[in-house]
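Okay, final_6.txt is below, compact mmCIF, N, CA and C atoms:
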```
# COMPACT_ATOMS: atom_id res chain seq x y z
N MET R 1198 0.82 -1.20 0.00
CA MET R 1198 0.00 0.00 0.00
C MET R 1198 0.86 1.26 0.00
N HIS R 1199 2.12 1.17 0.46
CA HIS R 1199 2.98 2.36 0.47
C HIS R 1199 3.39 2.79 -0.93
N GLU R 1200 3.07 1.98 -1.94
CA GLU R 1200 3.37 2.37 -3.31
C GLU R 1200 2.44 3.49 -3.78
N LEU R 1201 1.23 3.58 -3.22
CA LEU R 1201 0.30 4.64 -3.62
C LEU R 1201 0.87 6.02 -3.33
N PRO R 1202 1.31 6.33 -2.09
CA PRO R 1202 1.89 7.66 -1.87
C PRO R 1202 3.15 7.90 -2.71
N ALA R 1203 3.90 6.84 -2.97
CA ALA R 1203 5.10 6.98 -3.81
C ALA R 1203 4.70 7.34 -5.24
N ALA R 1204 3.69 6.67 -5.76
CA ALA R 1204 3.22 6.98 -7.12
C ALA R 1204 2.65 8.40 -7.17
N GLN R 1205 1.96 8.81 -6.13
CA GLN R 1205 1.42 10.18 -6.08
C GLN R 1205 2.55 11.21 -6.09
N ALA R 1206 3.60 10.93 -5.34
CA ALA R 1206 4.75 11.84 -5.31
C ALA R 1206 5.43 11.91 -6.67
N LEU R 1207 5.58 10.76 -7.34
CA LEU R 1207 6.16 10.74 -8.68
C LEU R 1207 5.33 11.57 -9.65
N LEU R 1208 4.02 11.41 -9.58
CA LEU R 1208 3.14 12.16 -10.48
C LEU R 1208 3.26 13.66 -10.21
N LYS R 1209 3.26 14.05 -8.96
CA LYS R 1209 3.36 15.46 -8.61
C LYS R 1209 4.64 16.07 -9.17
N ILE R 1210 5.75 15.39 -8.95
CA ILE R 1210 7.04 15.88 -9.44
C ILE R 1210 7.05 15.95 -10.97
N ALA R 1211 6.57 14.89 -11.61
CA ALA R 1211 6.57 14.84 -13.07
C ALA R 1211 5.71 15.96 -13.66
N LEU R 1212 4.54 16.20 -13.08
CA LEU R 1212 3.67 17.25 -13.59
C LEU R 1212 4.28 18.63 -13.38
N GLU R 1213 4.92 18.84 -12.25
CA GLU R 1213 5.59 20.13 -11.99
C GLU R 1213 6.71 20.37 -12.99
N ARG R 1214 7.53 19.35 -13.23
CA ARG R 1214 8.64 19.49 -14.18
C ARG R 1214 8.13 19.69 -15.60
N ALA R 1215 7.09 18.97 -15.95
CA ALA R 1215 6.52 19.11 -17.30
C ALA R 1215 5.94 20.50 -17.50
N GLU R 1216 5.31 21.03 -16.48
CA GLU R 1216 4.74 22.38 -16.59
C GLU R 1216 5.85 23.41 -16.80
N LYS R 1217 6.95 23.27 -16.06
CA LYS R 1217 8.08 24.20 -16.22
C LYS R 1217 8.68 24.13 -17.61
N ALA R 1218 8.60 22.94 -18.23
CA ALA R 1218 9.15 22.75 -19.57
C ALA R 1218 8.12 23.02 -20.67
N ASN R 1219 6.92 23.48 -20.27
CA ASN R 1219 5.83 23.71 -21.21
C ASN R 1219 5.52 22.47 -22.06
N ALA R 1220 5.57 21.32 -21.43
CA ALA R 1220 5.34 20.05 -22.12
C ALA R 1220 3.86 19.80 -22.33
N LYS R 1221 3.56 19.16 -23.44
CA LYS R 1221 2.19 18.77 -23.73
C LYS R 1221 1.90 17.34 -23.30
N GLN R 1222 2.98 16.56 -23.20
CA GLN R 1222 2.82 15.13 -22.88
C GLN R 1222 4.05 14.65 -22.11
N ILE R 1223 3.83 13.84 -21.09
CA ILE R 1223 4.93 13.16 -20.42
C ILE R 1223 5.01 11.77 -21.04
N VAL R 1224 6.17 11.45 -21.59
CA VAL R 1224 6.34 10.21 -22.34
C VAL R 1224 6.85 9.07 -21.46
N ALA R 1225 7.84 9.36 -20.61
CA ALA R 1225 8.43 8.30 -19.78
C ALA R 1225 8.98 8.88 -18.48
N LEU R 1226 8.97 8.06 -17.46
CA LEU R 1226 9.60 8.38 -16.18
C LEU R 1226 10.65 7.31 -15.92
N TYR R 1227 11.82 7.75 -15.48
CA TYR R 1227 12.92 6.84 -15.16
C TYR R 1227 13.07 6.83 -13.65
N ILE R 1228 12.77 5.69 -13.06
CA ILE R 1228 12.69 5.56 -11.61
C ILE R 1228 13.78 4.61 -11.12
N VAL R 1229 14.51 5.05 -10.11
CA VAL R 1229 15.56 4.23 -9.51
C VAL R 1229 15.01 3.58 -8.25
N VAL R 1230 15.17 2.25 -8.16
CA VAL R 1230 14.65 1.49 -7.02
C VAL R 1230 15.77 0.62 -6.47
N GLY R 1231 16.09 0.82 -5.21
CA GLY R 1231 17.12 0.01 -4.55
C GLY R 1231 16.62 -1.39 -4.23
N GLU R 1232 17.54 -2.33 -4.25
CA GLU R 1232 17.24 -3.73 -3.97
C GLU R 1232 16.62 -3.92 -2.58
N LEU R 1233 17.02 -3.09 -1.63
CA LEU R 1233 16.50 -3.20 -0.27
C LEU R 1233 15.23 -2.39 -0.06
N SER R 1234 14.86 -1.61 -1.06
CA SER R 1234 13.63 -0.83 -0.99
C SER R 1234 12.45 -1.80 -0.97
N SER R 1235 11.41 -1.41 -0.30
CA SER R 1235 10.24 -2.28 -0.25
C SER R 1235 9.26 -2.00 -1.39
N MET R 1236 9.66 -1.15 -2.32
CA MET R 1236 8.80 -0.82 -3.45
C MET R 1236 8.72 -1.97 -4.45
N VAL R 1237 7.50 -2.23 -4.91
CA VAL R 1237 7.26 -3.28 -5.90
C VAL R 1237 6.87 -2.60 -7.21
N ASP R 1238 7.66 -2.85 -8.25
CA ASP R 1238 7.44 -2.20 -9.55
C ASP R 1238 5.99 -2.32 -10.02
N ASP R 1239 5.45 -3.53 -9.98
CA ASP R 1239 4.09 -3.75 -10.47
C ASP R 1239 3.05 -2.96 -9.68
N SER R 1240 3.28 -2.81 -8.38
CA SER R 1240 2.33 -2.04 -7.57
C SER R 1240 2.41 -0.55 -7.89
N VAL R 1241 3.62 -0.04 -8.07
CA VAL R 1241 3.77 1.36 -8.47
C VAL R 1241 3.09 1.58 -9.81
N GLN R 1242 3.30 0.66 -10.74
CA GLN R 1242 2.67 0.74 -12.07
C GLN R 1242 1.15 0.73 -11.95
N PHE R 1243 0.62 -0.14 -11.12
CA PHE R 1243 -0.83 -0.24 -10.93
C PHE R 1243 -1.41 1.08 -10.43
N TYR R 1244 -0.81 1.62 -9.40
CA TYR R 1244 -1.31 2.89 -8.85
C TYR R 1244 -1.11 4.04 -9.85
N TRP R 1245 0.00 4.00 -10.57
CA TRP R 1245 0.27 5.04 -11.57
C TRP R 1245 -0.86 5.11 -12.59
N GLU R 1246 -1.26 3.96 -13.09
CA GLU R 1246 -2.29 3.91 -14.11
C GLU R 1246 -3.61 4.51 -13.61
N THR R 1247 -3.87 4.39 -12.32
CA THR R 1247 -5.08 4.94 -11.73
C THR R 1247 -4.98 6.45 -11.52
N ILE R 1248 -3.89 6.91 -10.93
CA ILE R 1248 -3.80 8.32 -10.55
C ILE R 1248 -3.39 9.23 -11.71
N ALA R 1249 -2.73 8.68 -12.73
CA ALA R 1249 -2.29 9.51 -13.86
C ALA R 1249 -3.38 9.68 -14.91
N LYS R 1250 -4.46 8.96 -14.75
CA LYS R 1250 -5.57 9.04 -15.71
C LYS R 1250 -6.04 10.49 -15.84
N ASP R 1251 -6.30 10.89 -17.06
CA ASP R 1251 -6.78 12.24 -17.39
C ASP R 1251 -5.76 13.34 -17.09
N THR R 1252 -4.48 12.99 -17.09
CA THR R 1252 -3.41 13.99 -16.97
C THR R 1252 -2.50 13.83 -18.19
N ILE R 1253 -1.56 14.75 -18.35
CA ILE R 1253 -0.62 14.64 -19.48
C ILE R 1253 0.37 13.49 -19.27
N ALA R 1254 0.29 12.84 -18.12
CA ALA R 1254 1.17 11.71 -17.83
C ALA R 1254 0.47 10.37 -18.01
N GLU R 1255 -0.77 10.41 -18.46
CA GLU R 1255 -1.58 9.19 -18.54
C GLU R 1255 -0.92 8.08 -19.37
N LYS R 1256 -0.28 8.44 -20.46
CA LYS R 1256 0.31 7.42 -21.34
C LYS R 1256 1.81 7.21 -21.10
N ALA R 1257 2.32 7.80 -20.05
CA ALA R 1257 3.76 7.69 -19.77
C ALA R 1257 4.14 6.26 -19.40
N THR R 1258 5.32 5.88 -19.86
CA THR R 1258 5.89 4.59 -19.52
C THR R 1258 6.77 4.74 -18.30
N LEU R 1259 6.62 3.84 -17.34
CA LEU R 1259 7.49 3.85 -16.17
C LEU R 1259 8.64 2.88 -16.43
N ARG R 1260 9.86 3.39 -16.34
CA ARG R 1260 11.04 2.56 -16.58
C ARG R 1260 11.82 2.48 -15.27
N PHE R 1261 11.91 1.27 -14.75
CA PHE R 1261 12.55 1.05 -13.46
C PHE R 1261 13.99 0.59 -13.64
N ARG R 1262 14.88 1.18 -12.86
CA ARG R 1262 16.28 0.74 -12.84
C ARG R 1262 16.58 0.31 -11.43
N ARG R 1263 16.99 -0.94 -11.28
CA ARG R 1263 17.28 -1.50 -9.96
C ARG R 1263 18.74 -1.22 -9.57
N VAL R 1264 18.94 -0.88 -8.31
CA VAL R 1264 20.27 -0.63 -7.76
C VAL R 1264 20.55 -1.73 -6.75
N SER R 1265 21.68 -2.40 -6.90
CA SER R 1265 22.05 -3.48 -5.99
C SER R 1265 22.38 -2.96 -4.60
N ALA R 1266 22.17 -3.81 -3.64
CA ALA R 1266 22.51 -3.46 -2.26
C ALA R 1266 24.02 -3.57 -2.06
N GLU R 1267 24.57 -2.63 -1.31
CA GLU R 1267 25.97 -2.70 -0.92
C GLU R 1267 26.06 -2.28 0.54
N LEU R 1268 26.76 -3.08 1.32
CA LEU R 1268 26.92 -2.82 2.74
C LEU R 1268 28.39 -2.60 3.07
N GLN R 1269 28.62 -1.96 4.21
CA GLN R 1269 29.99 -1.81 4.71
C GLN R 1269 30.00 -2.29 6.15
N CYS R 1270 30.86 -3.26 6.41
CA CYS R 1270 30.99 -3.81 7.76
C CYS R 1270 31.50 -2.72 8.70
N MET R 1271 30.89 -2.60 9.86
CA MET R 1271 31.29 -1.59 10.83
C MET R 1271 32.45 -2.06 11.72
N ILE R 1272 32.87 -3.30 11.53
CA ILE R 1272 34.01 -3.83 12.29
C ILE R 1272 35.29 -3.72 11.47
N CYS R 1273 35.28 -4.28 10.24
CA CYS R 1273 36.50 -4.28 9.43
C CYS R 1273 36.43 -3.30 8.25
N PHE R 1274 35.26 -2.67 8.05
CA PHE R 1274 35.02 -1.68 7.00
C PHE R 1274 35.06 -2.24 5.58
N HIS R 1275 34.99 -3.55 5.47
CA HIS R 1275 34.91 -4.21 4.16
C HIS R 1275 33.56 -3.90 3.52
N LYS R 1276 33.56 -3.53 2.22
CA LYS R 1276 32.32 -3.30 1.48
C LYS R 1276 31.96 -4.58 0.73
N TYR R 1277 30.68 -4.92 0.79
CA TYR R 1277 30.25 -6.17 0.15
C TYR R 1277 28.77 -6.10 -0.25
N ARG R 1278 28.41 -6.99 -1.16
CA ARG R 1278 27.02 -7.14 -1.56
C ARG R 1278 26.45 -8.33 -0.77
N PRO R 1279 25.39 -8.11 -0.03
CA PRO R 1279 24.83 -9.21 0.76
C PRO R 1279 24.15 -10.25 -0.12
N SER R 1280 24.16 -11.49 0.35
CA SER R 1280 23.42 -12.54 -0.35
C SER R 1280 21.95 -12.39 0.03
N GLN R 1281 21.09 -13.21 -0.53
CA GLN R 1281 19.64 -13.11 -0.35
C GLN R 1281 19.22 -12.69 1.06
N SER R 1282 19.52 -13.49 2.04
CA SER R 1282 19.06 -13.20 3.40
C SER R 1282 20.22 -13.11 4.39
N GLU R 1283 21.43 -13.18 3.90
CA GLU R 1283 22.61 -13.20 4.76
C GLU R 1283 23.28 -11.83 4.76
N LEU R 1284 23.31 -11.19 5.91
CA LEU R 1284 23.89 -9.86 6.03
C LEU R 1284 25.24 -9.87 6.75
N ILE R 1285 25.73 -11.05 7.09
CA ILE R 1285 27.00 -11.18 7.81
C ILE R 1285 28.17 -10.83 6.88
N CYS R 1286 29.14 -10.11 7.41
CA CYS R 1286 30.31 -9.73 6.62
C CYS R 1286 31.07 -10.97 6.19
N PRO R 1287 31.34 -11.12 4.89
CA PRO R 1287 32.06 -12.29 4.40
C PRO R 1287 33.54 -12.28 4.78
N GLN R 1288 34.05 -11.12 5.18
CA GLN R 1288 35.47 -11.03 5.51
C GLN R 1288 35.76 -11.36 6.97
N CYS R 1289 34.98 -10.78 7.89
CA CYS R 1289 35.28 -10.97 9.32
C CYS R 1289 34.16 -11.63 10.10
N GLY R 1290 32.99 -11.83 9.49
CA GLY R 1290 31.86 -12.45 10.17
C GLY R 1290 31.07 -11.48 11.04
N GLY R 1291 31.39 -10.18 10.95
CA GLY R 1291 30.68 -9.17 11.72
C GLY R 1291 29.21 -9.04 11.30
N VAL R 1292 28.37 -8.65 12.25
CA VAL R 1292 26.95 -8.53 11.94
C VAL R 1292 26.47 -7.09 11.86
N GLY R 1293 27.28 -6.14 12.23
CA GLY R 1293 26.90 -4.73 12.13
C GLY R 1293 27.35 -4.16 10.80
N ALA R 1294 26.42 -3.60 10.06
CA ALA R 1294 26.78 -3.06 8.74
C ALA R 1294 26.03 -1.76 8.47
N LYS R 1295 26.68 -0.92 7.70
CA LYS R 1295 26.09 0.34 7.24
C LYS R 1295 25.66 0.13 5.80
N ILE R 1296 24.47 0.59 5.46
CA ILE R 1296 23.98 0.45 4.08
C ILE R 1296 24.58 1.57 3.24
N ILE R 1297 25.31 1.19 2.20
CA ILE R 1297 25.92 2.14 1.28
C ILE R 1297 24.94 2.46 0.14
N SER R 1298 24.31 1.44 -0.39
CA SER R 1298 23.32 1.62 -1.45
C SER R 1298 22.31 0.49 -1.38
N GLY R 1299 21.15 0.73 -2.02
CA GLY R 1299 20.13 -0.30 -2.09
C GLY R 1299 18.79 0.11 -1.52
N GLU R 1300 18.73 1.28 -0.86
CA GLU R 1300 17.47 1.75 -0.30
C GLU R 1300 16.81 2.83 -1.16
N GLU R 1301 17.40 3.14 -2.29
CA GLU R 1301 16.94 4.25 -3.12
C GLU R 1301 15.51 4.04 -3.65
N PHE R 1302 14.84 5.15 -3.82
CA PHE R 1302 13.59 5.21 -4.58
C PHE R 1302 13.43 6.67 -4.97
N PHE R 1303 13.72 6.96 -6.24
CA PHE R 1303 13.60 8.35 -6.69
C PHE R 1303 13.40 8.42 -8.20
N LEU R 1304 12.90 9.58 -8.60
CA LEU R 1304 12.70 9.87 -10.02
C LEU R 1304 14.00 10.43 -10.57
N GLU R 1305 14.61 9.70 -11.49
CA GLU R 1305 15.90 10.11 -12.05
C GLU R 1305 15.74 11.09 -13.21
N ALA R 1306 14.73 10.87 -14.05
CA ALA R 1306 14.53 11.72 -15.22
C ALA R 1306 13.14 11.51 -15.78
N ILE R 1307 12.70 12.48 -16.59
CA ILE R 1307 11.45 12.30 -17.33
C ILE R 1307 11.68 12.72 -18.78
N ASP R 1308 10.96 12.07 -19.67
CA ASP R 1308 10.93 12.44 -21.08
C ASP R 1308 9.58 13.10 -21.35
N VAL R 1309 9.63 14.23 -22.04
CA VAL R 1309 8.40 14.95 -22.37
C VAL R 1309 8.37 15.30 -23.85
N GLU R 1310 7.17 15.62 -24.34
CA GLU R 1310 7.01 16.14 -25.69
C GLU R 1310 6.44 17.53 -25.57
N ASN R 1311 6.99 18.45 -26.33
CA ASN R 1311 6.50 19.84 -26.31
C ASN R 1311 5.56 20.10 -27.46
```
Since I need it in another form, could you write the structure as structure tokens?
Amino acid sequence: MHELPAAQALLKIALERAEKANAKQIVALYIVVGELSSMVDDSVQFYWETIAKDTIAEKATLRFRRVSAELQCMICFHKYRPSQSELICPQCGGVGAKIISGEEFFLEAIDVEN
């Protein structure tokens, strides 16, 4: 359900940017989603289709780019990509880690037609 407010925020940003560019149509949105983000592409798409109806973004394509998770061990400072459910540092076995990337969810760019 948290995808609805995210889709609403994307629409708001896209419409504001399109208005500044005097665009007649929003063609595509490029969205970055981190591996650790709880956002589900299909759910964002579903809500988008509902809330973008009757706007200049109605026919826009959502293009998702996934960002892999990267952690840094807080004991040995080794940077690593965690396996599916294993967050233990592969170098020292430490369990405390700082997230370097993978939590992202943002609008990277939009394509418009003038």
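Nearest to Ser1265 in chain R of all the residues R:Asn1311, R:Ser1298, R:Gln1288, R:Asn1219 is R:Ser1298, counting all atoms listed in the file.
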Problem - Top pick for closest residue to Leu1226 in chain R, considering R:Gln1281, R:Gln1242, R:Thr1252, R:Gln1269 and counting only C-alpha atoms - result: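 Checking each of R:Gln1281, R:Gln1242, R:Thr1252, R:Gln1269 against Leu1226 in chain R, counting only C-alpha atoms, the winner is R:Gln1242.
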Handout entry: strand (DSSP E) call set, DSSP backbone run, range 1221-1304 of chain R, as a ChimeraX atom specification
Key = /R:1222-1231,1258-1264,1267-1270,1276-1277,1294-1298,1302-1304
Problem - Pick from R:Leu1201, R:Leu1233, R:Ile1228, R:Ile1223, whichever lies nearest to Glu1300 in chain R using only C-alpha atoms - result: R:Leu1233
Problem - 8 Å contact set for Ile1248 in chain R, all atoms listed in the file, chain neighbours under 5 positions out, as a list in words - result: Ala1204, Gln1205, Leu1208, Phe1243, Ala1254 and Glu1255 of chain R
Exercise for the section: Could you jot down the CA of Ile1297 in chain R to CA of Asp1238 in chain R separation for me, Å, one decimal place? Expected result: 21.9 Å
Exercise for the section: Would you please extract all helix (DSSP H, G or I) residues from chain R, as assigned by DSSP on the backbone, and give them as a list in words? Expected result: Glu1200, Leu1201, Pro1202, Ala1203, Ala1204, Gln1205, Ala1206, Leu1207, Leu1208, Lys1209, Ile1210, Ala1211, Leu1212, Glu1213, Arg1214, Ala1215, Glu1216, Lys1217, Asp1238, Asp1239, Ser1240, Val1241, Gln1242, Phe1243, Tyr1244, Trp1245, Glu1246, Thr1247 and Ile1248 of chain R
Handout entry: Å distance separating CA of Cys1289 in chain R from atom N of His1275 in chain R, one decimal place
Key = 8.4 Å
Handout entry: Shell of 6 Å around Glu1232 in chain R, only C-alpha atoms, local chain residues under 2 positions omitted, as a ChimeraX atom specification
Key = /R:1234,1264-1266,1299
Fill in the blank from the handout: Of R:Arg1278, R:Ala1294, R:Thr1258, R:Glu1301, the one nearest to Val1224 in chain R when counting only C-alpha atoms is R:Thr1258
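Each of R:Glu1216, R:Glu1200, R:Glu1267, R:Asp1251 was checked against Val1237 in chain R using only C-alpha atoms; the smallest atom-to-atom distance is that of R:Glu1200.
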Problem - Interatomic distance, CA of Ala1249 in chain R to CA of Met1236 in chain R (Å, one decimal) - result: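 Straight-line distance from CA of Ala1249 in chain R to CA of Met1236 in chain R works out to 18.4 Å.
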Range 1292-1306 of chain R, all listed atoms, 4 Å padding on each side: what axis-aligned box centre and edge lengths in Å to one decimal come out, as AutoDock Vina command-line options?
```
--center_x 20.5 --center_y 1.5 --center_z -1.8 --size_x 23.7 --size_y 28.4 --size_z 36.0
```
Show me a table, sorted first by chain and then by increasing residue number, of the residues of range 1286-1306 of chain R having an atom at most 12 Å from range 1211-1215 of chain R, each with its shortest atom pair and the distance in Å to one decimal, counting only C-alpha atoms and written as CSV.
```
residue,atom,partner,partner_atom,distance
R:Phe1303,CA,R:Ala1211,CA,11.5
R:Leu1304,CA,R:Ala1211,CA,8.5
R:Glu1305,CA,R:Ala1211,CA,10.5
R:Ala1306,CA,R:Ala1211,CA,8.8
```
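Using only C-alpha atoms for every distance, the candidate list R:Lys1250, R:Lys1295, R:Arg1260, R:Lys1276 yields R:Arg1260 as the residue closest to Val1229 in chain R.
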